$ cat work.txt   # compact mmCIF, N, CA and C atoms
# COMPACT_ATOMS: atom_id res chain seq x y z
N GLN A 209 -17.36 12.89 1.91
CA GLN A 209 -16.21 12.60 2.76
C GLN A 209 -15.26 11.68 1.99
N VAL A 210 -13.98 12.04 1.97
CA VAL A 210 -12.98 11.24 1.27
C VAL A 210 -12.44 10.18 2.22
N ARG A 211 -12.37 8.96 1.72
CA ARG A 211 -11.90 7.86 2.55
C ARG A 211 -11.02 6.91 1.76
N LEU A 212 -10.05 6.33 2.46
CA LEU A 212 -9.27 5.22 1.94
C LEU A 212 -9.53 4.02 2.84
N VAL A 213 -9.94 2.91 2.26
CA VAL A 213 -10.26 1.73 3.05
C VAL A 213 -9.42 0.56 2.55
N GLU A 214 -8.58 0.04 3.46
CA GLU A 214 -7.71 -1.08 3.12
C GLU A 214 -8.36 -2.41 3.50
N SER A 215 -7.94 -3.45 2.82
CA SER A 215 -8.36 -4.80 3.17
C SER A 215 -7.30 -5.78 2.70
N GLY A 216 -7.37 -7.00 3.23
CA GLY A 216 -6.49 -8.05 2.75
C GLY A 216 -5.38 -8.45 3.69
N GLY A 217 -5.23 -7.76 4.79
CA GLY A 217 -4.19 -8.14 5.74
C GLY A 217 -4.54 -9.44 6.45
N GLY A 218 -3.57 -9.94 7.22
CA GLY A 218 -3.82 -11.17 7.95
C GLY A 218 -2.55 -11.82 8.41
N LEU A 219 -2.68 -13.08 8.83
CA LEU A 219 -1.55 -13.87 9.32
C LEU A 219 -1.17 -14.89 8.25
N VAL A 220 0.12 -14.97 7.97
CA VAL A 220 0.60 -15.89 6.94
C VAL A 220 1.95 -16.43 7.36
N GLN A 221 2.27 -17.63 6.93
CA GLN A 221 3.58 -18.19 7.23
C GLN A 221 4.64 -17.62 6.28
N ALA A 222 5.86 -17.63 6.74
CA ALA A 222 6.97 -17.17 5.90
C ALA A 222 6.97 -17.94 4.58
N GLY A 223 7.18 -17.19 3.50
CA GLY A 223 7.13 -17.77 2.17
C GLY A 223 5.78 -17.67 1.51
N GLY A 224 4.78 -17.30 2.27
CA GLY A 224 3.43 -17.20 1.75
C GLY A 224 3.17 -15.88 1.04
N SER A 225 1.91 -15.69 0.66
CA SER A 225 1.51 -14.51 -0.10
C SER A 225 0.25 -13.89 0.49
N LEU A 226 0.13 -12.59 0.29
CA LEU A 226 -1.07 -11.84 0.62
C LEU A 226 -1.27 -10.77 -0.44
N ARG A 227 -2.52 -10.37 -0.62
CA ARG A 227 -2.82 -9.27 -1.53
C ARG A 227 -3.63 -8.23 -0.79
N LEU A 228 -3.08 -7.03 -0.72
CA LEU A 228 -3.77 -5.91 -0.09
C LEU A 228 -4.50 -5.10 -1.15
N SER A 229 -5.64 -4.55 -0.74
CA SER A 229 -6.42 -3.67 -1.60
C SER A 229 -6.74 -2.39 -0.85
N CYS A 230 -6.86 -1.30 -1.58
CA CYS A 230 -7.23 -0.01 -0.98
C CYS A 230 -8.14 0.71 -1.96
N VAL A 231 -9.33 1.02 -1.49
CA VAL A 231 -10.31 1.72 -2.31
C VAL A 231 -10.45 3.15 -1.82
N ALA A 232 -10.34 4.09 -2.73
CA ALA A 232 -10.54 5.51 -2.42
C ALA A 232 -11.95 5.90 -2.83
N SER A 233 -12.66 6.55 -1.93
CA SER A 233 -14.02 6.98 -2.23
C SER A 233 -14.18 8.44 -1.86
N GLY A 234 -15.19 9.06 -2.45
CA GLY A 234 -15.43 10.47 -2.21
C GLY A 234 -14.86 11.32 -3.33
N SER A 235 -14.59 12.56 -3.04
CA SER A 235 -14.09 13.49 -4.04
C SER A 235 -12.57 13.36 -4.15
N ILE A 236 -12.14 12.59 -5.15
CA ILE A 236 -10.72 12.30 -5.34
C ILE A 236 -10.20 13.06 -6.54
N TYR A 237 -9.10 13.77 -6.35
CA TYR A 237 -8.45 14.44 -7.46
C TYR A 237 -7.79 13.38 -8.33
N SER A 238 -8.06 13.41 -9.61
CA SER A 238 -7.69 12.31 -10.50
C SER A 238 -6.20 12.10 -10.62
N PHE A 239 -5.45 13.20 -10.70
CA PHE A 239 -4.02 13.07 -10.96
C PHE A 239 -3.30 12.90 -9.62
N ASN A 240 -3.17 11.64 -9.23
CA ASN A 240 -2.62 11.35 -7.91
C ASN A 240 -1.66 10.18 -7.98
N THR A 241 -0.90 10.04 -6.93
CA THR A 241 -0.05 8.88 -6.72
C THR A 241 -0.60 8.12 -5.53
N MET A 242 -0.75 6.82 -5.69
CA MET A 242 -1.22 5.98 -4.60
C MET A 242 -0.09 5.05 -4.17
N GLY A 243 -0.06 4.75 -2.91
CA GLY A 243 1.04 3.94 -2.43
C GLY A 243 0.73 3.21 -1.15
N TRP A 244 1.69 2.39 -0.76
CA TRP A 244 1.62 1.63 0.48
C TRP A 244 2.84 1.96 1.34
N TYR A 245 2.57 2.21 2.60
CA TYR A 245 3.61 2.40 3.59
C TYR A 245 3.38 1.35 4.69
N ARG A 246 4.40 1.13 5.49
CA ARG A 246 4.23 0.21 6.62
C ARG A 246 4.97 0.73 7.84
N GLN A 247 4.48 0.29 8.99
CA GLN A 247 5.10 0.69 10.25
C GLN A 247 5.12 -0.51 11.17
N ALA A 248 6.31 -0.93 11.52
CA ALA A 248 6.50 -2.02 12.47
C ALA A 248 6.63 -1.43 13.87
N PRO A 249 6.37 -2.22 14.90
CA PRO A 249 6.47 -1.72 16.28
C PRO A 249 7.84 -1.13 16.57
N GLY A 250 7.85 0.08 17.09
CA GLY A 250 9.10 0.73 17.45
C GLY A 250 9.88 1.31 16.30
N LYS A 251 9.31 1.27 15.10
CA LYS A 251 10.00 1.79 13.93
C LYS A 251 9.19 2.89 13.27
N GLN A 252 9.87 3.67 12.43
CA GLN A 252 9.18 4.73 11.70
C GLN A 252 8.41 4.15 10.52
N ARG A 253 7.39 4.88 10.11
CA ARG A 253 6.66 4.49 8.92
C ARG A 253 7.57 4.64 7.70
N GLU A 254 7.52 3.64 6.82
CA GLU A 254 8.40 3.65 5.66
C GLU A 254 7.62 3.34 4.38
N LEU A 255 8.12 3.85 3.28
CA LEU A 255 7.52 3.57 1.99
C LEU A 255 7.77 2.12 1.61
N VAL A 256 6.71 1.46 1.13
CA VAL A 256 6.86 0.11 0.58
C VAL A 256 6.87 0.19 -0.94
N ALA A 257 5.85 0.84 -1.50
CA ALA A 257 5.75 0.99 -2.96
C ALA A 257 4.74 2.07 -3.26
N ARG A 258 4.89 2.72 -4.43
CA ARG A 258 3.90 3.70 -4.86
C ARG A 258 3.81 3.64 -6.38
N ILE A 259 2.68 4.14 -6.88
CA ILE A 259 2.41 4.07 -8.31
C ILE A 259 1.66 5.33 -8.72
N THR A 260 2.11 5.94 -9.80
CA THR A 260 1.44 7.12 -10.31
C THR A 260 0.20 6.72 -11.12
N ARG A 261 -0.59 7.71 -11.46
CA ARG A 261 -1.77 7.43 -12.26
C ARG A 261 -1.37 6.80 -13.60
N GLY A 262 -0.22 7.20 -14.11
CA GLY A 262 0.25 6.67 -15.39
C GLY A 262 0.91 5.31 -15.30
N GLY A 263 1.12 4.83 -14.07
CA GLY A 263 1.66 3.49 -13.91
C GLY A 263 3.13 3.41 -13.55
N SER A 264 3.80 4.53 -13.35
CA SER A 264 5.20 4.50 -12.93
C SER A 264 5.27 4.05 -11.47
N THR A 265 6.22 3.15 -11.20
CA THR A 265 6.29 2.56 -9.86
C THR A 265 7.62 2.82 -9.19
N THR A 266 7.58 2.82 -7.86
CA THR A 266 8.77 2.92 -7.01
C THR A 266 8.63 1.88 -5.92
N TYR A 267 9.71 1.17 -5.62
CA TYR A 267 9.70 0.16 -4.58
C TYR A 267 10.84 0.38 -3.58
N ALA A 268 10.59 0.03 -2.35
CA ALA A 268 11.67 -0.05 -1.37
C ALA A 268 12.59 -1.21 -1.77
N ASP A 269 13.88 -1.04 -1.52
CA ASP A 269 14.83 -2.09 -1.88
C ASP A 269 14.48 -3.43 -1.22
N SER A 270 13.95 -3.35 -0.02
CA SER A 270 13.67 -4.57 0.74
C SER A 270 12.56 -5.43 0.16
N VAL A 271 11.75 -4.86 -0.74
CA VAL A 271 10.62 -5.62 -1.30
C VAL A 271 10.74 -5.85 -2.79
N LYS A 272 11.75 -5.28 -3.41
CA LYS A 272 11.92 -5.45 -4.86
C LYS A 272 12.02 -6.93 -5.22
N GLY A 273 11.28 -7.30 -6.24
CA GLY A 273 11.27 -8.69 -6.68
C GLY A 273 10.29 -9.58 -5.94
N ARG A 274 9.72 -9.07 -4.86
CA ARG A 274 8.76 -9.86 -4.07
C ARG A 274 7.36 -9.25 -4.09
N PHE A 275 7.30 -7.92 -4.08
CA PHE A 275 6.02 -7.22 -4.04
C PHE A 275 5.76 -6.56 -5.39
N THR A 276 4.47 -6.48 -5.73
CA THR A 276 4.06 -5.80 -6.96
C THR A 276 2.89 -4.89 -6.65
N ILE A 277 3.03 -3.62 -7.02
CA ILE A 277 1.95 -2.66 -6.84
C ILE A 277 1.26 -2.45 -8.18
N SER A 278 -0.07 -2.29 -8.12
CA SER A 278 -0.83 -2.02 -9.34
C SER A 278 -2.04 -1.19 -8.95
N ARG A 279 -2.71 -0.64 -9.95
CA ARG A 279 -3.89 0.17 -9.66
C ARG A 279 -4.89 0.05 -10.78
N ASP A 280 -6.14 0.29 -10.42
CA ASP A 280 -7.25 0.34 -11.37
C ASP A 280 -7.85 1.74 -11.25
N ASN A 281 -7.54 2.60 -12.20
CA ASN A 281 -8.00 3.99 -12.12
C ASN A 281 -9.52 4.10 -12.23
N THR A 282 -10.15 3.17 -12.90
CA THR A 282 -11.60 3.22 -13.03
C THR A 282 -12.29 2.93 -11.70
N LYS A 283 -11.58 2.26 -10.80
CA LYS A 283 -12.15 1.91 -9.49
C LYS A 283 -11.50 2.67 -8.34
N ASN A 284 -10.57 3.58 -8.66
CA ASN A 284 -9.83 4.30 -7.62
C ASN A 284 -9.25 3.32 -6.58
N THR A 285 -8.67 2.26 -7.08
CA THR A 285 -8.18 1.19 -6.21
C THR A 285 -6.71 0.90 -6.51
N VAL A 286 -5.97 0.66 -5.44
CA VAL A 286 -4.57 0.26 -5.56
C VAL A 286 -4.41 -1.08 -4.86
N TYR A 287 -3.55 -1.91 -5.43
CA TYR A 287 -3.31 -3.25 -4.90
C TYR A 287 -1.82 -3.41 -4.55
N LEU A 288 -1.57 -4.30 -3.63
CA LEU A 288 -0.19 -4.70 -3.33
C LEU A 288 -0.15 -6.21 -3.22
N GLN A 289 0.45 -6.85 -4.22
CA GLN A 289 0.64 -8.29 -4.19
C GLN A 289 1.96 -8.57 -3.50
N MET A 290 1.91 -9.31 -2.42
CA MET A 290 3.09 -9.59 -1.62
C MET A 290 3.38 -11.09 -1.66
N ASN A 291 4.50 -11.44 -2.23
CA ASN A 291 4.93 -12.84 -2.33
C ASN A 291 6.21 -13.04 -1.54
N SER A 292 6.51 -14.30 -1.27
CA SER A 292 7.73 -14.65 -0.54
C SER A 292 7.87 -13.83 0.73
N LEU A 293 6.81 -13.76 1.48
CA LEU A 293 6.79 -12.93 2.68
C LEU A 293 7.78 -13.43 3.72
N LYS A 294 8.35 -12.47 4.45
CA LYS A 294 9.33 -12.76 5.48
C LYS A 294 8.82 -12.22 6.82
N PRO A 295 9.30 -12.76 7.92
CA PRO A 295 8.88 -12.23 9.23
C PRO A 295 9.14 -10.72 9.36
N GLU A 296 10.19 -10.22 8.74
CA GLU A 296 10.47 -8.79 8.83
C GLU A 296 9.50 -7.93 8.04
N ASP A 297 8.60 -8.54 7.28
CA ASP A 297 7.54 -7.79 6.62
C ASP A 297 6.37 -7.52 7.55
N THR A 298 6.40 -8.07 8.74
CA THR A 298 5.34 -7.86 9.71
C THR A 298 5.23 -6.39 10.08
N ALA A 299 4.03 -5.84 9.92
CA ALA A 299 3.81 -4.41 10.17
C ALA A 299 2.34 -4.09 9.93
N VAL A 300 1.98 -2.87 10.30
CA VAL A 300 0.70 -2.32 9.86
C VAL A 300 0.96 -1.63 8.53
N TYR A 301 0.17 -1.98 7.53
CA TYR A 301 0.33 -1.43 6.19
C TYR A 301 -0.74 -0.36 5.97
N TYR A 302 -0.30 0.81 5.52
CA TYR A 302 -1.18 1.95 5.31
C TYR A 302 -1.22 2.33 3.84
N CYS A 303 -2.41 2.60 3.37
CA CYS A 303 -2.61 3.11 2.02
C CYS A 303 -2.48 4.63 2.05
N ASN A 304 -1.91 5.19 1.01
CA ASN A 304 -1.73 6.64 0.90
C ASN A 304 -2.11 7.11 -0.49
N LEU A 305 -2.76 8.26 -0.55
CA LEU A 305 -3.07 8.92 -1.82
C LEU A 305 -2.60 10.36 -1.71
N VAL A 306 -1.77 10.78 -2.64
CA VAL A 306 -1.25 12.14 -2.61
C VAL A 306 -1.40 12.79 -3.99
N SER A 307 -1.78 14.06 -3.96
CA SER A 307 -1.89 14.85 -5.17
C SER A 307 -1.56 16.28 -4.80
N ASN A 308 -1.75 17.20 -5.76
CA ASN A 308 -1.51 18.61 -5.45
C ASN A 308 -2.49 19.13 -4.39
N LEU A 309 -3.63 18.47 -4.26
CA LEU A 309 -4.68 18.97 -3.39
C LEU A 309 -4.93 18.11 -2.16
N GLN A 310 -4.45 16.89 -2.16
CA GLN A 310 -4.82 15.96 -1.10
C GLN A 310 -3.63 15.12 -0.64
N ASN A 311 -3.64 14.76 0.63
CA ASN A 311 -2.69 13.79 1.19
C ASN A 311 -3.48 12.96 2.18
N LEU A 312 -3.89 11.77 1.76
CA LEU A 312 -4.85 10.97 2.50
C LEU A 312 -4.23 9.66 2.97
N TRP A 313 -4.68 9.18 4.13
CA TRP A 313 -4.20 7.93 4.69
C TRP A 313 -5.39 7.04 5.06
N GLY A 314 -5.19 5.75 4.88
CA GLY A 314 -6.16 4.79 5.37
C GLY A 314 -5.92 4.49 6.83
N GLN A 315 -6.76 3.61 7.38
CA GLN A 315 -6.68 3.30 8.80
C GLN A 315 -5.63 2.24 9.10
N GLY A 316 -5.16 1.56 8.08
CA GLY A 316 -4.13 0.54 8.25
C GLY A 316 -4.70 -0.86 8.34
N THR A 317 -3.90 -1.81 7.88
CA THR A 317 -4.27 -3.22 7.98
C THR A 317 -3.04 -4.00 8.45
N GLN A 318 -3.26 -4.90 9.40
CA GLN A 318 -2.15 -5.63 9.99
C GLN A 318 -1.73 -6.80 9.10
N VAL A 319 -0.43 -6.90 8.87
CA VAL A 319 0.15 -8.07 8.20
C VAL A 319 1.14 -8.70 9.17
N THR A 320 0.93 -9.97 9.45
CA THR A 320 1.81 -10.70 10.36
C THR A 320 2.34 -11.93 9.65
N VAL A 321 3.66 -12.05 9.62
CA VAL A 321 4.31 -13.19 8.97
C VAL A 321 5.03 -14.00 10.04
N SER A 322 4.60 -15.24 10.19
CA SER A 322 5.20 -16.12 11.20
C SER A 322 6.35 -16.92 10.59
N SER A 323 7.33 -17.19 11.44
CA SER A 323 8.51 -17.93 10.96
C SER A 323 8.33 -19.43 11.10

$ encode --input "work.txt" --output "structure tokens"
Amino acid sequence: QVRLVESGGGLVQAGGSLRLSCVASGSIYSFNTMGWYRQAPGKQRELVARITRGGSTTYADSVKGRFTISRDNTKNTVYLQMNSLKPEDTAVYYCNLVSNLQNLWGQGTQVTVSS
């Protein structure tokens, strides 16, 4: 069974930092892009950042300069380092893995930033 399991969410004050992790387990197609999306209450799910197996990255304009995505291919793990957090970053953060054969989502982890 293929699974994505996120961890690292929580409550933090504005200006603080959090690091999210997502581990993919099971039969994973190697050539994939892993990423983070988020969904705030009443809003659509949006891309936060994604990274290809080769390390090419894409960021939403709202997080550029504050968030950093990285991955460890040997561990099938993707990370999201979030610095200078703002209340508007509050959302459920979802891990995603996409390839020619798979489009997988994690269960989500809550990030809450207090002002």

$ closest_residue --input "work.txt" --among "A:Val220, A:Leu228, A:Val306, A:Leu255" --to "Val286 (chain A)" --atoms "only N, CA and C atoms"
A:Leu228

$ closest_residue --input "work.txt" --among "A:Asn291, A:Met242, A:Leu305, A:Arg279" --to "Gly223 (chain A)" --atoms "only N, CA and C atoms"
A:Asn291

$ select_by_dssp --input "work.txt" --residues "region 267-315 of chain A" --states "strand (DSSP E or B)" --output "number ranges by chain"
A: 267, 275-280, 285-290, 299-306, 311-313

$ residues_near_point --input "work.txt" --point "(-6.7, 1.4, -5.8)" --cutoff "7 Å" --atoms "only C-alpha atoms" --output "PyMOL selection string"
chain A and resi 229-232+279-281+283-287

$ closest_residue --input "work.txt" --among "A:Ser225, A:Ser278, A:Ser215, A:Ser233" --to "Ser292 (chain A)" --atoms "only N, CA and C atoms"
A:Ser225

$ closest_residue --input "work.txt" --among "A:Gly217, A:Gly250, A:Gly243, A:Gly263" --to "Cys303 (chain A)" --atoms "all atoms listed in the file"
A:Gly243

$ closest_residue --input "work.txt" --among "A:Ile259, A:Leu226, A:Val319, A:Ile277" --to "Thr298 (chain A)" --atoms "only C-alpha atoms"
A:Val319

$ closest_residue --input "work.txt" --among "A:Val321, A:Leu293, A:Val210, A:Ala268" --to "Ser235 (chain A)" --atoms "only C-alpha atoms"
A:Val210

$ atom_distance --input "work.txt" --atom1 "CA of Glu296 (chain A)" --atom2 "CA of Trp313 (chain A)"
22.6 Å

$ residues_around --input "work.txt" --residues "Gln315 (chain A)" --least-positions-apart "3" --cutoff "7 Å" --atoms "only N, CA and C atoms" --output "PyMOL selection string"
chain A and resi 212-214+301-303

$ atom_distance --input "work.txt" --atom1 "CA of Lys251 (chain A)" --atom2 "atom N of Asn311 (chain A)"
23.0 Å

$ residues_near_point --input "work.txt" --point "(9.1, -0.7, -6.5)" --cutoff "8 Å" --atoms "all atoms listed in the file" --output "list in words"
Val256, Ala257, Arg258, Ser264, Thr265, Thr266, Tyr267, Ala268, Asp269, Val271, Lys272, Gly273, Phe275, Thr276 and Ile277 of chain A

$ atom_distance --input "work.txt" --atom1 "atom C of Thr320 (chain A)" --atom2 "atom N of Tyr245 (chain A)"
15.8 Å

$ select_by_dssp --input "work.txt" --residues "chain A" --states "helix (DSSP H, G or I)" --output "PDB file with N, CA and C atoms, in the coordinates of the input"
ATOM      1  N   ASP A 269      13.880  -1.040  -1.520  1.00  0.00           N
ATOM      2  CA  ASP A 269      14.830  -2.090  -1.880  1.00  0.00           C
ATOM      3  C   ASP A 269      14.480  -3.430  -1.220  1.00  0.00           C
ATOM      4  N   SER A 270      13.950  -3.350  -0.020  1.00  0.00           N
ATOM      5  CA  SER A 270      13.670  -4.570   0.740  1.00  0.00           C
ATOM      6  C   SER A 270      12.560  -5.430   0.160  1.00  0.00           C
ATOM      7  N   VAL A 271      11.750  -4.860  -0.740  1.00  0.00           N
ATOM      8  CA  VAL A 271      10.620  -5.620  -1.300  1.00  0.00           C
ATOM      9  C   VAL A 271      10.740  -5.850  -2.790  1.00  0.00           C
ATOM     10  N   PRO A 295       9.300 -12.760   7.920  1.00  0.00           N
ATOM     11  CA  PRO A 295       8.880 -12.230   9.230  1.00  0.00           C
ATOM     12  C   PRO A 295       9.140 -10.720   9.360  1.00  0.00           C
ATOM     13  N   GLU A 296      10.190 -10.220   8.740  1.00  0.00           N
ATOM     14  CA  GLU A 296      10.470  -8.790   8.830  1.00  0.00           C
ATOM     15  C   GLU A 296       9.500  -7.930   8.040  1.00  0.00           C
ATOM     16  N   ASP A 297       8.600  -8.540   7.280  1.00  0.00           N
ATOM     17  CA  ASP A 297       7.540  -7.790   6.620  1.00  0.00           C
ATOM     18  C   ASP A 297       6.370  -7.520   7.550  1.00  0.00           C
TER      19      ASP A 297
END
